>>> print(open('target.txt').read())   # compact mmCIF, C-alpha atoms
# COMPACT_ATOMS: atom_id res chain seq x y z
CA MET A 1416 17.16 60.98 -8.55
CA THR A 1417 14.17 59.26 -6.97
CA PRO A 1418 11.77 61.34 -4.90
CA PRO A 1419 11.65 60.67 -1.16
CA PRO A 1420 9.01 58.14 -0.11
CA ARG A 1421 5.60 59.58 0.66
CA PRO A 1422 4.75 59.50 4.34
CA ASN A 1423 2.19 56.95 5.36
CA PRO A 1424 -0.97 58.85 6.45
CA ALA A 1425 -1.96 55.84 8.55
CA SER A 1426 1.07 56.47 10.76
CA MET A 1427 -0.05 60.04 11.56
CA PRO A 1428 -2.14 60.54 14.70
CA LYS A 1429 -5.86 60.61 13.97
CA HIS A 1430 -6.64 62.27 17.29
CA ARG A 1431 -5.09 62.66 20.68
CA ARG A 1432 -5.70 59.81 23.07
CA PRO A 1433 -7.23 61.19 26.29
CA PRO A 1434 -5.61 60.35 29.61
CA ILE A 1435 -7.56 57.61 31.36
CA ASP A 1436 -7.97 59.54 34.61
CA LYS A 1437 -9.71 62.57 33.02
CA PRO A 1438 -13.38 62.22 32.09
CA THR A 1439 -13.46 65.28 29.81
CA THR A 1440 -10.48 65.70 27.53
CA MET A 1441 -9.57 67.61 24.40
CA ALA A 1442 -10.41 65.77 21.21
CA TRP A 1443 -8.82 66.35 17.82
CA THR A 1444 -10.90 65.49 14.77
CA PRO A 1445 -9.05 65.65 11.44
CA ILE A 1446 -11.88 65.98 8.92
CA THR A 1447 -9.48 65.04 6.12
CA GLU A 1448 -5.85 64.02 6.42
CA SER A 1449 -3.47 66.62 5.04
CA GLU A 1450 -1.46 65.46 2.07
CA HIS A 1451 1.35 67.83 3.10
CA ILE A 1452 3.88 66.56 5.63
CA HIS A 1453 4.62 70.10 6.88
CA GLU A 1454 0.92 70.58 7.72
CA ARG A 1455 0.76 67.26 9.58
CA ARG A 1456 3.93 68.13 11.53
CA GLY A 1457 2.60 71.60 12.30
CA LEU A 1458 -0.77 70.29 13.48
CA ALA A 1459 0.87 67.66 15.67
CA ALA A 1460 3.19 70.27 17.24
CA VAL A 1461 0.34 72.69 17.98
CA LEU A 1462 -2.02 70.04 19.32
CA GLU A 1463 0.65 68.50 21.59
CA ARG A 1464 0.78 71.79 23.46
CA LEU A 1465 -2.95 72.17 24.07
CA PRO A 1466 -4.56 71.30 27.39
CA SER A 1467 -6.44 68.02 27.54
CA ALA A 1468 -9.45 69.38 29.39
CA SER A 1469 -12.85 70.60 28.32
CA PRO A 1470 -13.66 72.92 26.55
CA TRP A 1471 -10.53 72.39 24.44
CA ARG A 1472 -11.36 70.68 21.14
CA ALA A 1473 -9.81 70.80 17.66
CA TRP A 1474 -10.88 70.15 14.08
CA SER A 1475 -8.39 70.23 11.23
CA ASN A 1476 -8.30 70.27 7.45
CA PHE A 1477 -11.84 70.96 6.40
CA GLU A 1478 -13.76 73.20 4.05
CA PHE A 1479 -16.97 75.10 4.54
CA PRO A 1480 -19.22 76.48 1.81
CA ALA A 1481 -19.53 80.18 1.12
CA THR A 1482 -22.59 81.56 -0.66
CA GLY A 1483 -21.74 82.17 -4.29
CA ALA A 1484 -18.06 81.38 -3.83
CA LYS A 1485 -15.69 78.46 -3.73
CA PRO A 1486 -15.44 76.58 -0.43
CA TYR A 1487 -12.89 77.93 2.03
CA GLU A 1488 -10.32 75.71 3.72
CA ILE A 1489 -9.62 75.85 7.44
CA ASP A 1490 -6.33 74.45 8.69
CA LEU A 1491 -7.30 74.34 12.37
CA LEU A 1492 -10.39 75.35 14.35
CA LEU A 1493 -10.15 75.34 18.15
CA THR A 1494 -12.69 75.69 20.90
CA THR A 1495 -11.02 77.20 23.95
CA PRO A 1496 -12.15 78.88 27.18
CA SER A 1497 -12.11 82.18 25.26
CA GLY A 1498 -14.20 80.90 22.31
CA LEU A 1499 -13.57 79.72 18.76
CA HIS A 1500 -10.22 80.32 17.05
CA MET A 1501 -9.52 79.72 13.37
CA ILE A 1502 -5.78 79.18 12.88
CA GLU A 1503 -3.93 79.39 9.57
CA LEU A 1504 -0.80 77.22 9.62
CA LYS A 1505 2.21 78.47 7.65
CA ALA A 1506 5.37 76.40 7.16
CA TRP A 1507 7.42 79.29 5.85
CA SER A 1508 11.18 79.67 6.24
CA GLY A 1509 13.46 82.65 5.74
CA SER A 1510 12.03 85.90 7.01
CA VAL A 1511 8.58 87.49 7.01
CA ASP A 1512 8.02 91.24 6.86
CA ILE A 1513 4.95 93.39 6.36
CA GLU A 1514 5.24 95.98 3.61
CA THR A 1515 2.27 98.22 2.89
CA ASP A 1516 -0.07 95.74 4.61
CA ARG A 1517 1.25 92.77 2.55
CA TRP A 1518 3.11 89.77 4.04
CA ILE A 1519 6.42 89.34 2.23
CA GLN A 1520 8.47 86.19 2.74
CA THR A 1521 12.14 86.35 1.82
CA ALA A 1522 13.57 82.87 1.22
CA ALA A 1523 17.16 81.93 2.08
CA ASN A 1524 18.13 82.38 -1.59
CA GLY A 1525 16.81 85.98 -1.52
CA ARG A 1526 13.64 85.24 -3.49
CA ARG A 1527 10.75 87.42 -2.30
CA ILE A 1528 7.24 85.96 -2.18
CA ASP A 1529 4.24 88.26 -1.77
CA HIS A 1530 1.54 86.40 0.17
CA GLY A 1531 -0.90 89.29 0.25
CA ASN A 1532 -2.49 90.09 3.59
CA VAL A 1533 -2.64 86.75 5.40
CA LEU A 1534 -4.59 88.08 8.39
CA GLU A 1535 -7.10 89.90 6.20
CA LEU A 1536 -7.92 86.67 4.36
CA GLY A 1537 -8.20 84.91 7.74
CA TYR A 1538 -10.58 87.59 9.03
CA PHE A 1539 -12.66 87.27 5.87
CA LYS A 1540 -12.93 83.48 6.30
CA SER A 1541 -13.78 83.97 10.00
CA MET A 1542 -16.63 86.33 9.08
CA LEU A 1543 -17.99 83.82 6.56
CA LEU A 1544 -17.77 81.01 9.11
CA MET A 1545 -19.55 83.17 11.72
CA LYS A 1546 -22.36 83.79 9.21
CA GLN A 1547 -22.64 80.04 8.54
CA LEU A 1548 -22.79 79.32 12.28
CA GLN A 1549 -25.38 82.06 12.85
CA HIS A 1550 -27.48 80.62 10.04
CA ALA A 1551 -27.32 77.26 11.87
CA GLY A 1552 -28.47 78.92 15.11
CA GLU A 1553 -25.03 79.25 16.78
CA ALA A 1554 -24.23 82.93 17.27
CA THR A 1555 -20.54 83.12 18.13
CA ILE A 1556 -17.37 85.06 17.42
CA VAL A 1557 -14.54 83.33 15.55
CA ARG A 1558 -11.11 84.80 16.27
CA THR A 1559 -8.33 84.54 13.70
CA GLY A 1560 -4.66 83.67 14.07
CA VAL A 1561 -1.62 82.57 12.10
CA CYS A 1562 0.76 79.95 13.45
CA PHE A 1563 4.21 79.60 11.91
CA THR A 1564 5.21 75.96 12.27
CA GLU A 1565 8.85 76.17 11.17
CA ASN A 1566 11.61 77.12 13.61
CA ARG A 1567 13.66 78.54 10.73
CA VAL A 1568 11.43 81.56 10.15
CA ARG A 1569 12.37 85.06 11.34
CA LEU A 1570 9.30 87.18 11.97
CA ASN A 1571 9.79 90.91 11.50
CA LEU A 1572 6.18 91.77 12.20
CA PRO A 1573 4.70 94.84 13.92
CA VAL A 1574 3.72 94.27 17.56
CA LEU A 1575 0.02 94.26 16.65
CA ASN A 1576 0.53 91.29 14.29
CA ARG A 1577 2.81 89.30 16.62
CA ARG A 1578 0.30 88.40 19.30
>>> encode(input="target.txt", output="structure tokens")
Amino acid sequence: MTPPPRPNPASMPKHRRPPIDKPTTMAWTPITESEHIHERRGLAAVLERLPSASPWRAWSNFEFPATGAKPYEIDLLLTTPSGLHMIELKAWSGSVDIETDRWIQTAANGRRIDHGNVLELGYFKSMLLMKQLQHAGEATIVRTGVCFTENRVRLNLPVLNRR
């Protein structure tokens, strides 16, 4: 059986084209193209829904250095009227539950996958990014979120984690 053809990265949108009648529009800058089709689909779906007015801006698929550690990857960073938001994109299917502070995905075949605490890792990366920005003279807060990009996922999350 031959594998499906790889998608052509050149056919994926590099950034959103601003409407001609708006002088300030949201810009999307993919720092590197994702090699995963589910990430590209998820990014395109999220960015289609964002306003095309300042201060909205997006950067996707980049790493930033952490002192004494490996670089951390950011799926999506947004500037919005409420500040900076670092978004983790997850293309999970099946169901997602939280058990003892750990995110457990149950696939359609019943296989359980322990993803650890997804938000905790996101908060940790946000704190490191805030420190990097402060060091560069930009004191700001970076909020953290997780976006599930597949319609086939059932989220059984506590109210606090759903927002």
>>> atom_distance(input="target.txt", atom1="atom CA of Asn1524 of chain A", atom2="atom CA of Phe1563 of chain A")
19.6 Å
>>> residues_around(input="target.txt", residues="Thr1444 of chain A", least_positions_apart="2", cutoff="7 Å", atoms="all atoms listed in the file", output="MDAnalysis selection string")
chainID A and resid 1430 1442 1446 1473:1475
>>> atom_distance(input="target.txt", atom1="atom CA of Gly1560 of chain A", atom2="atom CA of Ile1502 of chain A")
4.8 Å
>>> residues_near_point(input="target.txt", point="(6.8, 89.4, 2.3)", cutoff="9 Å", atoms="only C-alpha atoms", output="PyMOL selection string")
chain A and resi 1510-1514+1517-1521+1527-1531
>>> residues_around(input="target.txt", residues="Ile1489 of chain A", least_positions_apart="5", cutoff="8 Å", atoms="only C-alpha atoms", output="compact mmCIF listing (two decimals) with C-alpha atoms, in the frame of the given file")
# COMPACT_ATOMS: atom_id res chain seq x y z
CA SER A 1475 -8.39 70.23 11.23
CA ASN A 1476 -8.30 70.27 7.45
CA PHE A 1477 -11.84 70.96 6.40
CA GLU A 1478 -13.76 73.20 4.05
CA PHE A 1479 -16.97 75.10 4.54
CA MET A 1501 -9.52 79.72 13.37
CA ILE A 1502 -5.78 79.18 12.88
CA GLU A 1503 -3.93 79.39 9.57
>>> atom_distance(input="target.txt", atom1="atom CA of Arg1472 of chain A", atom2="atom CA of Thr1495 of chain A")
7.1 Å
>>> axis_aligned_box(input="target.txt", around="segment 1562-1569 of chain A", padding_each_side="6 Å", output="JSON")
{"center_x": 7.2, "center_y": 80.5, "center_z": 11.9, "size_x": 24.9, "size_y": 21.1, "size_z": 15.5}
>>> residues_around(input="target.txt", residues="Trp1507 of chain A", least_positions_apart="2", cutoff="8 Å", atoms="only C-alpha atoms", output="list in words")
Lys1505, Gly1509, Gln1520, Phe1563, Thr1564, Glu1565, Arg1567 and Val1568 of chain A
>>> closest_residue(input="target.txt", among="A:Leu1458, A:Ala1484, A:Leu1499, A:Glu1450", to="Glu1553 of chain A", atoms="all atoms listed in the file")
A:Leu1499
>>> closest_residue(input="target.txt", among="A:Leu1570, A:Ile1556, A:Val1561, A:Ala1551", to="Asn1532 of chain A", atoms="all atoms listed in the file")
A:Val1561
>>> residues_near_point(input="target.txt", point="(3.6, 73.2, 13.7)", cutoff="9 Å", atoms="all atoms listed in the file", output="tab-separated table (two decimals) with C-alpha atoms, keeping the file's coordinate frame")
chain	number	residue	atom	x	y	z
A	1453	HIS	CA	4.62	70.10	6.88
A	1454	GLU	CA	0.92	70.58	7.72
A	1455	ARG	CA	0.76	67.26	9.58
A	1456	ARG	CA	3.93	68.13	11.53
A	1457	GLY	CA	2.60	71.60	12.30
A	1458	LEU	CA	-0.77	70.29	13.48
A	1459	ALA	CA	0.87	67.66	15.67
A	1460	ALA	CA	3.19	70.27	17.24
A	1461	VAL	CA	0.34	72.69	17.98
A	1462	LEU	CA	-2.02	70.04	19.32
A	1504	LEU	CA	-0.80	77.22	9.62
A	1505	LYS	CA	2.21	78.47	7.65
A	1506	ALA	CA	5.37	76.40	7.16
A	1562	CYS	CA	0.76	79.95	13.45
A	1563	PHE	CA	4.21	79.60	11.91
A	1564	THR	CA	5.21	75.96	12.27
A	1565	GLU	CA	8.85	76.17	11.17
A	1566	ASN	CA	11.61	77.12	13.61
>>> closest_residue(input="target.txt", among="A:Ser1449, A:Arg1558, A:Pro1573, A:Trp1471", to="Tyr1538 of chain A", atoms="all atoms listed in the file")
A:Arg1558
